[in-house]
file data.cif (mmCIF, C-alpha atoms)
data_protein
#
loop_
_atom_site.label_atom_id
_atom_site.label_comp_id
_atom_site.auth_asym_id
_atom_site.auth_seq_id
_atom_site.Cartn_x
_atom_site.Cartn_y
_atom_site.Cartn_z
CA MET T 1 -34.46 19.04 24.15
CA PRO T 2 -34.52 20.20 27.81
CA LYS T 3 -32.98 17.98 30.44
CA ASP T 4 -35.34 15.91 32.59
CA PRO T 5 -34.84 17.08 36.21
CA ASN T 6 -35.92 13.63 37.42
CA LEU T 7 -32.89 11.95 35.81
CA LEU T 8 -29.78 12.19 37.97
CA SER T 9 -26.09 11.32 37.77
CA PHE T 10 -24.39 9.32 40.53
CA PRO T 11 -23.12 12.44 42.36
CA LYS T 12 -26.55 14.11 42.16
CA ALA T 13 -28.32 10.90 43.23
CA SER T 14 -25.95 10.57 46.18
CA GLU T 15 -26.76 14.13 47.16
CA TYR T 16 -30.48 13.56 46.63
CA LEU T 17 -30.51 10.48 48.89
CA ASN T 18 -27.96 11.96 51.31
CA ILE T 19 -25.82 8.83 51.31
CA ASP T 20 -22.19 8.08 50.51
CA GLN T 21 -21.58 7.95 46.74
CA LYS T 22 -19.33 4.89 46.97
CA ALA T 23 -22.04 3.00 48.85
CA LEU T 24 -24.66 4.05 46.29
CA GLU T 25 -22.46 2.88 43.41
CA ASN T 26 -22.01 -0.48 45.15
CA TYR T 27 -25.76 -0.85 45.68
CA ILE T 28 -26.42 -0.12 42.00
CA LYS T 29 -23.44 -1.46 40.02
CA LYS T 30 -22.66 -4.55 42.11
CA GLY T 31 -25.88 -5.22 44.00
CA ASN T 32 -28.41 -4.45 41.25
CA GLU T 33 -30.61 -2.73 43.82
CA ILE T 34 -31.65 0.27 41.69
CA PRO T 35 -32.16 0.20 37.90
CA ARG T 36 -30.36 2.65 35.62
CA ARG T 37 -32.10 4.17 32.64
CA LEU T 38 -30.34 4.69 29.32
CA VAL T 39 -30.58 8.31 28.17
CA GLY T 40 -28.88 8.51 24.80
CA LYS T 41 -25.55 6.88 25.50
CA VAL T 42 -25.49 7.68 29.21
CA LYS T 43 -27.12 5.78 32.07
CA LYS T 44 -29.02 7.89 34.58
CA LEU T 45 -30.94 7.30 37.79
CA HIS T 46 -34.60 8.27 37.97
CA LYS T 47 -35.95 9.89 41.11
CA GLU T 48 -38.91 7.50 41.28
CA ASP T 49 -36.51 4.51 41.38
CA LEU T 50 -34.39 6.25 44.01
CA ASP T 51 -37.49 7.08 46.06
CA ALA T 52 -38.71 3.46 45.93
CA TRP T 53 -35.30 2.18 47.03
CA LYS T 54 -35.08 4.75 49.85
CA GLU T 55 -38.57 3.88 51.08
CA TYR T 56 -37.63 0.20 51.40
CA PHE T 57 -34.21 1.00 52.89
CA ASP T 58 -35.77 3.18 55.59
CA ALA T 59 -38.57 0.68 56.29
CA THR T 60 -36.07 -2.13 56.84
CA THR T 61 -33.51 -0.14 58.82
CA VAL T 62 -33.38 -0.89 62.54
CA ILE T 63 -31.84 1.46 65.10
CA LEU T 64 -30.23 -0.42 67.96
CA ASP T 65 -29.58 1.45 71.19
CA GLN T 66 -26.31 1.55 73.07
CA GLU T 67 -27.36 -1.27 75.38
CA SER T 68 -27.68 -3.53 72.33
CA TYR T 69 -24.09 -2.65 71.41
CA TYR T 70 -22.87 -3.45 74.92
CA LYS T 71 -24.83 -6.70 74.85
CA ALA T 72 -23.02 -7.65 71.63
CA LEU T 73 -19.71 -6.58 73.15
CA ARG T 74 -20.24 -8.65 76.31
CA PHE T 75 -21.21 -11.69 74.24
CA SER T 76 -18.15 -11.28 72.00
CA ILE T 77 -15.71 -10.89 74.90
CA ARG T 78 -17.13 -13.96 76.64
CA LYS T 79 -16.82 -15.89 73.39
CA PHE T 80 -13.23 -14.70 72.84
CA TYR T 81 -12.19 -16.06 76.23
CA SER T 82 -14.05 -19.34 75.71
CA ASP T 83 -12.92 -22.41 73.78
CA ALA T 84 -14.43 -21.03 70.56
CA PRO T 85 -12.06 -21.07 67.54
CA LYS T 86 -10.10 -17.84 66.99
CA ALA T 87 -9.17 -18.44 63.34
CA ASN T 88 -10.59 -16.41 60.49
CA PHE T 89 -13.54 -18.00 58.74
CA ALA T 90 -12.31 -20.58 56.20
CA THR T 91 -8.63 -19.92 57.02
CA GLU T 92 -6.07 -20.97 59.61
CA THR T 93 -5.04 -17.38 60.43
CA GLN T 94 -5.58 -16.52 64.08
CA ARG T 95 -7.43 -13.27 64.75
CA GLY T 96 -6.31 -10.82 67.39
CA ALA T 97 -8.81 -9.56 69.93
CA GLY T 98 -9.64 -6.39 67.96
CA GLN T 99 -10.56 -8.17 64.73
CA TYR T 100 -12.27 -11.03 66.56
CA LEU T 101 -14.45 -8.68 68.61
CA THR T 102 -15.34 -6.59 65.56
CA ASN T 103 -16.43 -9.69 63.61
CA HIS T 104 -18.57 -11.04 66.43
CA ILE T 105 -20.01 -7.68 67.50
CA GLN T 106 -21.13 -7.06 63.91
CA GLY T 107 -22.58 -10.56 63.66
CA TYR T 108 -24.46 -10.37 66.94
CA LEU T 109 -25.77 -6.87 66.20
CA SER T 110 -27.19 -8.20 62.93
CA GLU T 111 -29.06 -10.90 64.84
CA LEU T 112 -30.36 -8.37 67.38
CA ALA T 113 -31.49 -6.15 64.49
CA PHE T 114 -33.38 -9.00 62.83
CA GLN T 115 -34.91 -9.89 66.20
CA LYS T 116 -36.10 -6.29 66.67
CA PHE T 117 -37.29 -6.09 63.05
CA MET T 118 -39.54 -9.14 63.43
CA ALA T 119 -40.85 -7.92 66.78
CA ASP T 120 -41.64 -4.42 65.50
CA LYS T 121 -43.14 -5.47 62.15
CA PHE T 122 -44.91 -8.71 63.03
CA ASP T 123 -45.04 -8.90 66.85
CA ILE T 124 -42.97 -12.10 66.68
CA LYS T 125 -40.40 -12.76 69.40
CA LEU T 126 -37.27 -14.57 68.25
CA ILE T 127 -34.94 -16.22 70.77
CA LEU T 128 -31.34 -16.11 69.63
CA GLU T 129 -28.68 -18.80 69.93
CA ASP T 130 -26.08 -17.29 72.26
CA ASN T 131 -23.94 -20.17 73.48
CA ILE T 132 -20.21 -19.55 73.81
CA ASP T 133 -19.10 -23.17 74.22
CA GLY T 134 -17.23 -23.27 70.91
CA ILE T 135 -19.64 -25.70 69.27
CA VAL T 136 -20.61 -24.57 65.76
CA ARG T 137 -24.40 -24.42 65.44
CA SER T 138 -26.19 -23.99 62.16
CA GLN T 139 -29.17 -21.91 63.25
CA ASP T 140 -29.26 -18.42 64.76
CA ILE T 141 -32.91 -18.65 65.88
CA VAL T 142 -33.54 -21.36 68.48
CA ALA T 143 -37.12 -20.55 69.49
CA VAL T 144 -40.10 -18.42 68.45
CA SER T 145 -43.00 -16.89 70.34
CA LYS T 146 -46.00 -15.61 68.37
CA ARG T 147 -48.12 -15.48 71.48
CA ARG T 148 -46.79 -13.85 74.59
CA GLY T 149 -44.93 -16.35 76.78
CA VAL T 150 -45.46 -19.38 74.53
CA GLU T 151 -42.16 -20.47 73.00
CA ARG T 152 -41.63 -23.25 70.47
CA PRO T 153 -38.90 -24.36 68.07
CA PRO T 154 -39.00 -22.37 64.80
CA ALA T 155 -40.81 -24.09 61.94
CA ALA T 156 -38.15 -22.87 59.49
CA ARG T 157 -34.39 -22.85 59.92
CA ILE T 158 -33.03 -19.30 59.61
CA SER T 159 -29.44 -18.09 59.41
CA VAL T 160 -28.64 -14.37 59.71
CA LYS T 161 -25.67 -13.14 57.67
CA SER T 162 -24.07 -9.74 58.22
CA SER T 163 -21.79 -7.40 56.32
CA LYS T 164 -20.66 -3.79 56.41
CA ILE T 165 -23.15 -1.11 55.42
CA LYS T 166 -21.63 -0.58 51.93
CA ASN T 167 -21.54 -4.26 50.94
CA VAL T 168 -23.98 -6.00 48.63
CA ILE T 169 -23.21 -9.74 48.61
CA LEU T 170 -24.87 -12.28 50.89
CA ALA T 171 -22.27 -15.07 51.08
CA VAL T 172 -22.72 -18.51 52.63
CA LYS T 173 -19.91 -21.06 52.90
CA ASN T 174 -20.58 -24.12 50.77
CA THR T 175 -20.43 -26.41 53.84
CA GLU T 176 -23.34 -24.48 55.41
CA VAL T 177 -25.46 -25.11 52.34
CA GLU T 178 -24.43 -28.66 51.47
CA MET T 179 -24.29 -30.34 54.91
CA PRO T 180 -27.75 -31.49 56.12
CA ASP T 181 -26.95 -30.76 59.75
CA ARG T 182 -25.90 -27.17 58.98
CA GLU T 183 -28.15 -26.05 56.13
CA SER T 184 -30.87 -23.45 56.64
CA ASP T 185 -34.16 -22.87 54.87
CA TYR T 186 -33.67 -19.10 54.69
CA TYR T 187 -30.61 -16.85 54.77
CA VAL T 188 -31.33 -13.30 55.96
CA TYR T 189 -28.89 -10.59 54.85
CA THR T 190 -28.18 -7.54 57.02
CA ARG T 191 -25.85 -4.55 56.69
CA VAL T 192 -24.43 -3.06 59.90
CA ASP T 193 -23.28 0.56 60.01
CA LEU T 194 -20.54 0.00 62.57
CA SER T 195 -17.79 2.63 62.72
CA VAL T 196 -14.20 1.43 62.29
CA ASP T 197 -13.31 2.86 65.70
CA HIS T 198 -16.33 1.55 67.61
CA ILE T 199 -14.22 -0.15 70.30
CA VAL T 200 -11.87 2.82 70.71
CA ARG T 201 -14.80 5.08 71.49
CA LEU T 202 -15.39 3.12 74.71
CA ILE T 203 -12.08 4.45 76.04
CA GLN T 204 -13.62 7.89 76.51
CA LYS T 205 -15.25 6.88 79.78
CA HIS T 206 -12.13 5.41 81.33
CA PRO T 207 -10.56 7.84 83.87
CA SER T 208 -6.96 6.82 83.10
CA VAL T 209 -7.20 8.10 79.52
CA GLU T 210 -8.78 11.48 80.22
CA GLU T 211 -5.96 13.19 78.31
CA ILE T 212 -6.86 11.54 74.97
CA LYS T 213 -10.57 12.35 75.05
CA ASN T 214 -10.13 15.30 72.75
CA ILE T 215 -8.80 13.18 69.89
CA ILE T 216 -11.66 10.65 69.96
CA PRO T 217 -14.94 11.59 68.20
CA PRO T 218 -18.13 11.77 70.29
CA GLU T 219 -19.51 8.43 71.34
CA GLU T 220 -22.22 6.94 69.15
CA SER T 221 -25.43 6.21 71.04
CA SER T 222 -27.00 3.94 68.42
CA VAL T 223 -26.16 1.53 65.62
CA LYS T 224 -28.02 1.57 62.30
CA THR T 225 -28.59 -1.79 60.62
CA GLN T 226 -30.56 -2.59 57.47
CA VAL T 227 -32.32 -5.94 57.24
CA CYS T 228 -31.94 -6.10 53.45
CA GLY T 229 -33.78 -9.24 52.38
CA PHE T 230 -33.52 -13.01 52.37
CA VAL T 231 -33.05 -15.97 50.06
CA GLU T 232 -34.26 -19.55 50.17
CA ARG T 233 -31.48 -22.16 50.22
CA GLU T 234 -32.45 -23.60 46.84
CA LYS T 235 -32.29 -20.15 45.21
CA LEU T 236 -28.71 -19.36 46.21
CA ASP T 237 -26.25 -18.98 43.31
CA GLY T 238 -22.92 -20.81 43.17
CA PRO T 239 -20.84 -22.26 44.63
CA ILE T 240 -17.99 -20.08 43.35
CA ARG T 241 -14.70 -18.63 44.56
CA GLU T 242 -14.95 -15.28 42.80
CA LEU T 243 -17.39 -12.76 41.36
CA PRO T 244 -15.15 -11.08 38.76
CA GLY T 245 -14.79 -7.38 39.45
CA ILE T 246 -16.97 -7.58 42.54
CA PHE T 247 -15.71 -9.95 45.24
CA SER T 248 -13.29 -12.79 45.93
CA PHE T 249 -14.08 -15.43 48.54
CA SER T 250 -11.52 -17.26 50.67
CA SER T 251 -13.28 -20.57 49.96
CA LEU T 252 -16.20 -21.93 47.95
CA ASN T 253 -19.32 -19.88 48.70
CA TYR T 254 -22.91 -19.72 47.61
CA PHE T 255 -24.17 -16.17 47.22
CA LYS T 256 -26.94 -13.76 46.26
CA LYS T 257 -26.66 -10.11 45.25
CA SER T 258 -28.50 -7.71 47.53
CA GLY T 259 -30.74 -6.45 44.75
CA GLU T 260 -31.86 -10.00 43.96
CA LEU T 261 -32.98 -10.88 47.51
CA ASN T 262 -36.60 -11.64 48.38
CA ARG T 263 -38.33 -8.78 50.23
CA ASP T 264 -41.62 -10.48 51.08
CA TRP T 265 -41.15 -10.44 54.87
CA ASN T 266 -44.65 -11.86 55.39
CA ARG T 267 -43.22 -15.10 54.08
CA ILE T 268 -40.63 -15.21 56.88
CA ALA T 269 -43.26 -14.23 59.44
CA GLU T 270 -45.44 -17.12 58.30
CA ALA T 271 -42.50 -19.53 58.04
CA VAL T 272 -41.29 -19.18 61.62
#
call {"tool": "encode", "arguments": {"input": "data.cif", "output": "structure tokens"}}
result
Amino acid sequence: MPKDPNLLSFPKASEYLNIDQKALENYIKKGNEIPRRLVGKVKKLHKEDLDAWKEYFDATTVILDQESYYKALRFSIRKFYSDAPKANFATETQRGAGQYLTNHIQGYLSELAFQKFMADKFDIKLILEDNIDGIVRSQDIVAVSKRRGVERPPAARISVKSSKIKNVILAVKNTEVEMPDRESDYYVYTRVDLSVDHIVRLIQKHPSVEEIKNIIPPEESSVKTQVCGFVEREKLDGPIRELPGIFSFSSLNYFKKSGELNRDWNRIAEAV
């Protein structure tokens, strides 16, 4: 029986989609984002499933310009030098400036990406919470404008959660779900494609380090972020401390796998 050219192995699927194989395996094996089809005793990926996934991935991917990155950087630096806590989330370990800035740049870029996503897709303006006073606030969206210039509090409480581009688990600390003053109605999951040396690349423009320019890759002019999906608070799984073979949390967390997130963005547009 001839082989079906539409059924692909992981390496061939990675090549077909032009994405990193490790990321693809995460999306499929851990995130349940793309189904696998059993062919004899071997599981294969069908091109029509890959095409459907790629269509959604591209439609929900937001490209942020360099000014958005610098906006996130300025916000993160201001926050670092404020009274905001410097400890890792759910631990007592103090973060150095590099790790702190990376965490907050990624988080703020995810909010900017969701803001741009809603503006581009639904012509809805979201106003982000950007205080740096150290007070923990539960909601990332503080106001909404569906008509130009008319702002009002959002009808639904929305929290934007970020991760690296290869990750597949939306995680929410149990306190954010269980405490009435911190809970949200919807949790939006985003994946930010932020290079590991994003801060180092800024050095290239500084005149005192001209001699090391040649060892730093060219500066990125944009940041790609996918707005993956969302989940209602009551549909979160957990709380747990570990997903065996997938992820371990530092504290009790509710979660949802990326492939199990809701993708009906009209619902969010109507909710806000």
call {"tool": "resolve_selection", "arguments": {"input": "data.cif", "expression": "the PyMOL selection byres ((chain T and resi 186) around 6)", "output": "PyMOL selection string"}}
result
chain T and resi 158+184-185+187+231-233
call {"tool": "residues_around", "arguments": {"input": "data.cif", "residues": "stretch 10-15 of chain T", "least_positions_apart": "2", "cutoff": "9 Å", "atoms": "only C-alpha atoms", "output": "list in words"}}
result
Leu7, Leu8, Leu17, Asn18, Ile19, Asp20, Gln21, Lys22, Ala23, Leu24, Glu25, Lys44, Leu45, His46, Lys47 and Leu50 of chain T
call {"tool": "atom_distance", "arguments": {"input": "data.cif", "atom1": "atom CA of T:Phe80", "atom2": "atom CA of T:Glu151"}}
result
29.5 Å
call {"tool": "closest_residue", "arguments": {"input": "data.cif", "among": "T:Thr190, T:Glu270, T:Leu252, T:Gly259", "to": "T:Ile34", "atoms": "all atoms listed in the file"}}
result
T:Gly259
call {"tool": "resolve_selection", "arguments": {"input": "data.cif", "expression": "the PyMOL selection byres ((chain T and resi 154) around 6)", "output": "list in words"}}
result
Ala143, Val144, Pro153, Ala155, Ala156 and Val272 of chain T
call {"tool": "residues_around", "arguments": {"input": "data.cif", "residues": "T:Phe75", "least_positions_apart": "2", "cutoff": "8 Å", "atoms": "all atoms listed in the file", "output": "CSV table (one decimal) with C-alpha atoms, in the frame of the given file"}}
result
chain,number,residue,atom,x,y,z
T,71,LYS,CA,-24.8,-6.7,74.8
T,72,ALA,CA,-23.0,-7.6,71.6
T,73,LEU,CA,-19.7,-6.6,73.2
T,77,ILE,CA,-15.7,-10.9,74.9
T,78,ARG,CA,-17.1,-14.0,76.6
T,79,LYS,CA,-16.8,-15.9,73.4
T,105,ILE,CA,-20.0,-7.7,67.5
T,130,ASP,CA,-26.1,-17.3,72.3
T,132,ILE,CA,-20.2,-19.6,73.8
call {"tool": "residues_near_point", "arguments": {"input": "data.cif", "point": "(-17.2, -23.4, 51.3)", "cutoff": "7 Å", "atoms": "all atoms listed in the file", "output": "MDAnalysis selection string"}}
result
chainID T and resid 173:175 251:253
call {"tool": "atom_distance", "arguments": {"input": "data.cif", "atom1": "atom CA of T:Val196", "atom2": "atom CA of T:Asp140"}}
result
25.0 Å
call {"tool": "closest_residue", "arguments": {"input": "data.cif", "among": "T:Asn167, T:Ser162, T:Thr225, T:Gln66", "to": "T:His104", "atoms": "only C-alpha atoms"}}
result
T:Ser162
call {"tool": "atom_distance", "arguments": {"input": "data.cif", "atom1": "atom CA of T:Arg241", "atom2": "atom CA of T:Glu33"}}
result
22.5 Å
call {"tool": "residues_around", "arguments": {"input": "data.cif", "residues": "T:Ser145", "least_positions_apart": "5", "cutoff": "8 Å", "atoms": "only C-alpha atoms", "output": "number ranges by chain"}}
result
T: 124-126, 150-152
call {"tool": "resolve_selection", "arguments": {"input": "data.cif", "expression": "the PyMOL selection byres ((chain T and resi 237) around 10)", "output": "ChimeraX atom specification"}}
result
/T:171-172,233-236,238-240,253-257
call {"tool": "residues_around", "arguments": {"input": "data.cif", "residues": "T:Leu194", "least_positions_apart": "6", "cutoff": "12 Å", "atoms": "only C-alpha atoms", "output": "compact mmCIF listing (two decimals) with C-alpha atoms, in the frame of the given file"}}
result
# COMPACT_ATOMS: atom_id res chain seq x y z
CA ILE T 63 -31.84 1.46 65.10
CA LEU T 64 -30.23 -0.42 67.96
CA TYR T 69 -24.09 -2.65 71.41
CA THR T 102 -15.34 -6.59 65.56
CA ASN T 103 -16.43 -9.69 63.61
CA HIS T 104 -18.57 -11.04 66.43
CA ILE T 105 -20.01 -7.68 67.50
CA GLN T 106 -21.13 -7.06 63.91
CA GLY T 107 -22.58 -10.56 63.66
CA TYR T 108 -24.46 -10.37 66.94
CA LEU T 109 -25.77 -6.87 66.20
CA SER T 110 -27.19 -8.20 62.93
CA SER T 162 -24.07 -9.74 58.22
CA SER T 163 -21.79 -7.40 56.32
CA LYS T 164 -20.66 -3.79 56.41
CA ILE T 165 -23.15 -1.11 55.42
CA LYS T 166 -21.63 -0.58 51.93
CA ARG T 201 -14.80 5.08 71.49
CA GLU T 220 -22.22 6.94 69.15
CA SER T 221 -25.43 6.21 71.04
CA SER T 222 -27.00 3.94 68.42
CA VAL T 223 -26.16 1.53 65.62
CA LYS T 224 -28.02 1.57 62.30
CA THR T 225 -28.59 -1.79 60.62
CA GLN T 226 -30.56 -2.59 57.47
call {"tool": "closest_residue", "arguments": {"input": "data.cif", "among": "T:Lys54, T:Lys161, T:Lys121, T:Arg267", "to": "T:Gln139", "atoms": "only C-alpha atoms"}}
result
T:Lys161
call {"tool": "axis_aligned_box", "arguments": {"input": "data.cif", "around": "stretch 137-154 of chain T", "padding_each_side": "6 Å", "output": "JSON"}}
result
{"center_x": -36.3, "center_y": -19.1, "center_z": 69.5, "size_x": 35.7, "size_y": 22.6, "size_z": 26.6}
call {"tool": "closest_residue", "arguments": {"input": "data.cif", "among": "T:Gly40, T:Gly96, T:Gly245, T:Gly229", "to": "T:Asn262", "atoms": "only C-alpha atoms"}}
result
T:Gly229
call {"tool": "closest_residue", "arguments": {"input": "data.cif", "among": "T:Tyr56, T:Tyr70, T:Phe249, T:Tyr16", "to": "T:Asp264", "atoms": "only C-alpha atoms"}}
result
T:Tyr56
call {"tool": "decode", "arguments": {"input": "data.cif", "residues": "stretch 56-156 of chain T", "atoms": "C-alpha atoms", "output": "tab-separated table (two decimals), in the first residue's frame"}}
result
chain	number	residue	atom	x	y	z
T	56	TYR	CA	-5.22	29.94	13.57
T	57	PHE	CA	-1.64	30.50	14.77
T	58	ASP	CA	-1.02	33.10	12.06
T	59	ALA	CA	-4.41	34.77	12.59
T	60	THR	CA	-3.74	35.21	16.30
T	61	THR	CA	-0.09	36.25	16.03
T	62	VAL	CA	0.62	39.92	16.68
T	63	ILE	CA	3.79	41.68	15.54
T	64	LEU	CA	4.86	44.39	17.95
T	65	ASP	CA	7.23	47.06	16.71
T	66	GLN	CA	10.43	48.15	18.40
T	67	GLU	CA	8.71	51.04	20.14
T	68	SER	CA	6.44	48.54	21.89
T	69	TYR	CA	9.54	46.74	23.15
T	70	TYR	CA	11.04	49.98	24.44
T	71	LYS	CA	7.72	50.86	26.07
T	72	ALA	CA	7.81	47.51	27.91
T	73	LEU	CA	11.46	48.09	28.82
T	74	ARG	CA	10.78	51.58	30.21
T	75	PHE	CA	7.84	50.28	32.24
T	76	SER	CA	9.91	47.39	33.62
T	77	ILE	CA	12.86	49.60	34.60
T	78	ARG	CA	10.56	52.07	36.36
T	79	LYS	CA	8.92	49.17	38.17
T	80	PHE	CA	12.29	47.68	39.18
T	81	TYR	CA	13.31	50.94	40.84
T	82	SER	CA	9.94	51.37	42.54
T	83	ASP	CA	8.71	49.75	45.76
T	84	ALA	CA	7.35	46.76	43.82
T	85	PRO	CA	8.44	43.34	45.20
T	86	LYS	CA	11.58	41.87	43.60
T	87	ALA	CA	11.03	38.25	44.67
T	88	ASN	CA	10.19	35.49	42.23
T	89	PHE	CA	6.51	34.70	41.95
T	90	ALA	CA	5.45	32.39	44.81
T	91	THR	CA	8.99	32.28	46.29
T	92	GLU	CA	11.18	34.39	48.54
T	93	THR	CA	14.13	34.39	46.11
T	94	GLN	CA	15.13	37.88	45.05
T	95	ARG	CA	15.54	38.41	41.30
T	96	GLY	CA	18.45	40.32	39.84
T	97	ALA	CA	17.79	43.11	37.38
T	98	GLY	CA	18.27	40.88	34.30
T	99	GLN	CA	15.71	38.26	35.32
T	100	TYR	CA	13.32	40.84	36.74
T	101	LEU	CA	13.36	42.91	33.55
T	102	THR	CA	12.93	39.83	31.35
T	103	ASN	CA	9.88	38.69	33.36
T	104	HIS	CA	8.20	42.08	33.26
T	105	ILE	CA	9.12	42.89	29.65
T	106	GLN	CA	7.58	39.57	28.57
T	107	GLY	CA	4.49	40.20	30.69
T	108	TYR	CA	3.96	43.74	29.44
T	109	LEU	CA	4.56	42.76	25.81
T	110	SER	CA	1.84	40.13	26.18
T	111	GLU	CA	-0.59	42.80	27.37
T	112	LEU	CA	0.39	45.12	24.51
T	113	ALA	CA	-0.12	42.23	22.08
T	114	PHE	CA	-3.60	41.50	23.43
T	115	GLN	CA	-4.40	45.21	23.28
T	116	LYS	CA	-3.33	45.34	19.61
T	117	PHE	CA	-5.14	42.08	18.84
T	118	MET	CA	-8.47	43.43	20.14
T	119	ALA	CA	-7.98	46.74	18.34
T	120	ASP	CA	-7.10	45.12	15.01
T	121	LYS	CA	-9.77	42.39	15.10
T	122	PHE	CA	-12.67	44.13	16.82
T	123	ASP	CA	-11.85	47.87	16.84
T	124	ILE	CA	-11.92	47.77	20.66
T	125	LYS	CA	-9.48	49.94	22.60
T	126	LEU	CA	-8.22	48.44	25.85
T	127	ILE	CA	-6.55	50.63	28.48
T	128	LEU	CA	-3.90	48.73	30.39
T	129	GLU	CA	-3.09	48.88	34.10
T	130	ASP	CA	0.42	50.32	34.24
T	131	ASN	CA	0.95	51.49	37.81
T	132	ILE	CA	4.36	50.91	39.35
T	133	ASP	CA	3.45	51.63	42.97
T	134	GLY	CA	4.02	48.06	44.13
T	135	ILE	CA	0.35	47.39	44.85
T	136	VAL	CA	-0.78	44.03	43.42
T	137	ARG	CA	-3.83	44.52	41.21
T	138	SER	CA	-5.93	41.68	39.90
T	139	GLN	CA	-6.93	43.04	36.51
T	140	ASP	CA	-4.75	43.96	33.52
T	141	ILE	CA	-7.51	45.87	31.69
T	142	VAL	CA	-8.75	48.94	33.56
T	143	ALA	CA	-10.94	50.56	30.89
T	144	VAL	CA	-12.48	49.86	27.48
T	145	SER	CA	-13.50	52.07	24.58
T	146	LYS	CA	-15.77	50.61	21.89
T	147	ARG	CA	-16.57	54.05	20.57
T	148	ARG	CA	-13.80	56.50	19.90
T	149	GLY	CA	-13.04	58.60	22.98
T	150	VAL	CA	-15.68	57.03	25.24
T	151	GLU	CA	-14.00	55.02	27.99
T	152	ARG	CA	-15.73	52.91	30.64
T	153	PRO	CA	-14.76	50.19	33.10
T	154	PRO	CA	-14.67	46.74	31.43
T	155	ALA	CA	-17.81	44.65	31.90
T	156	ALA	CA	-15.68	41.52	32.40
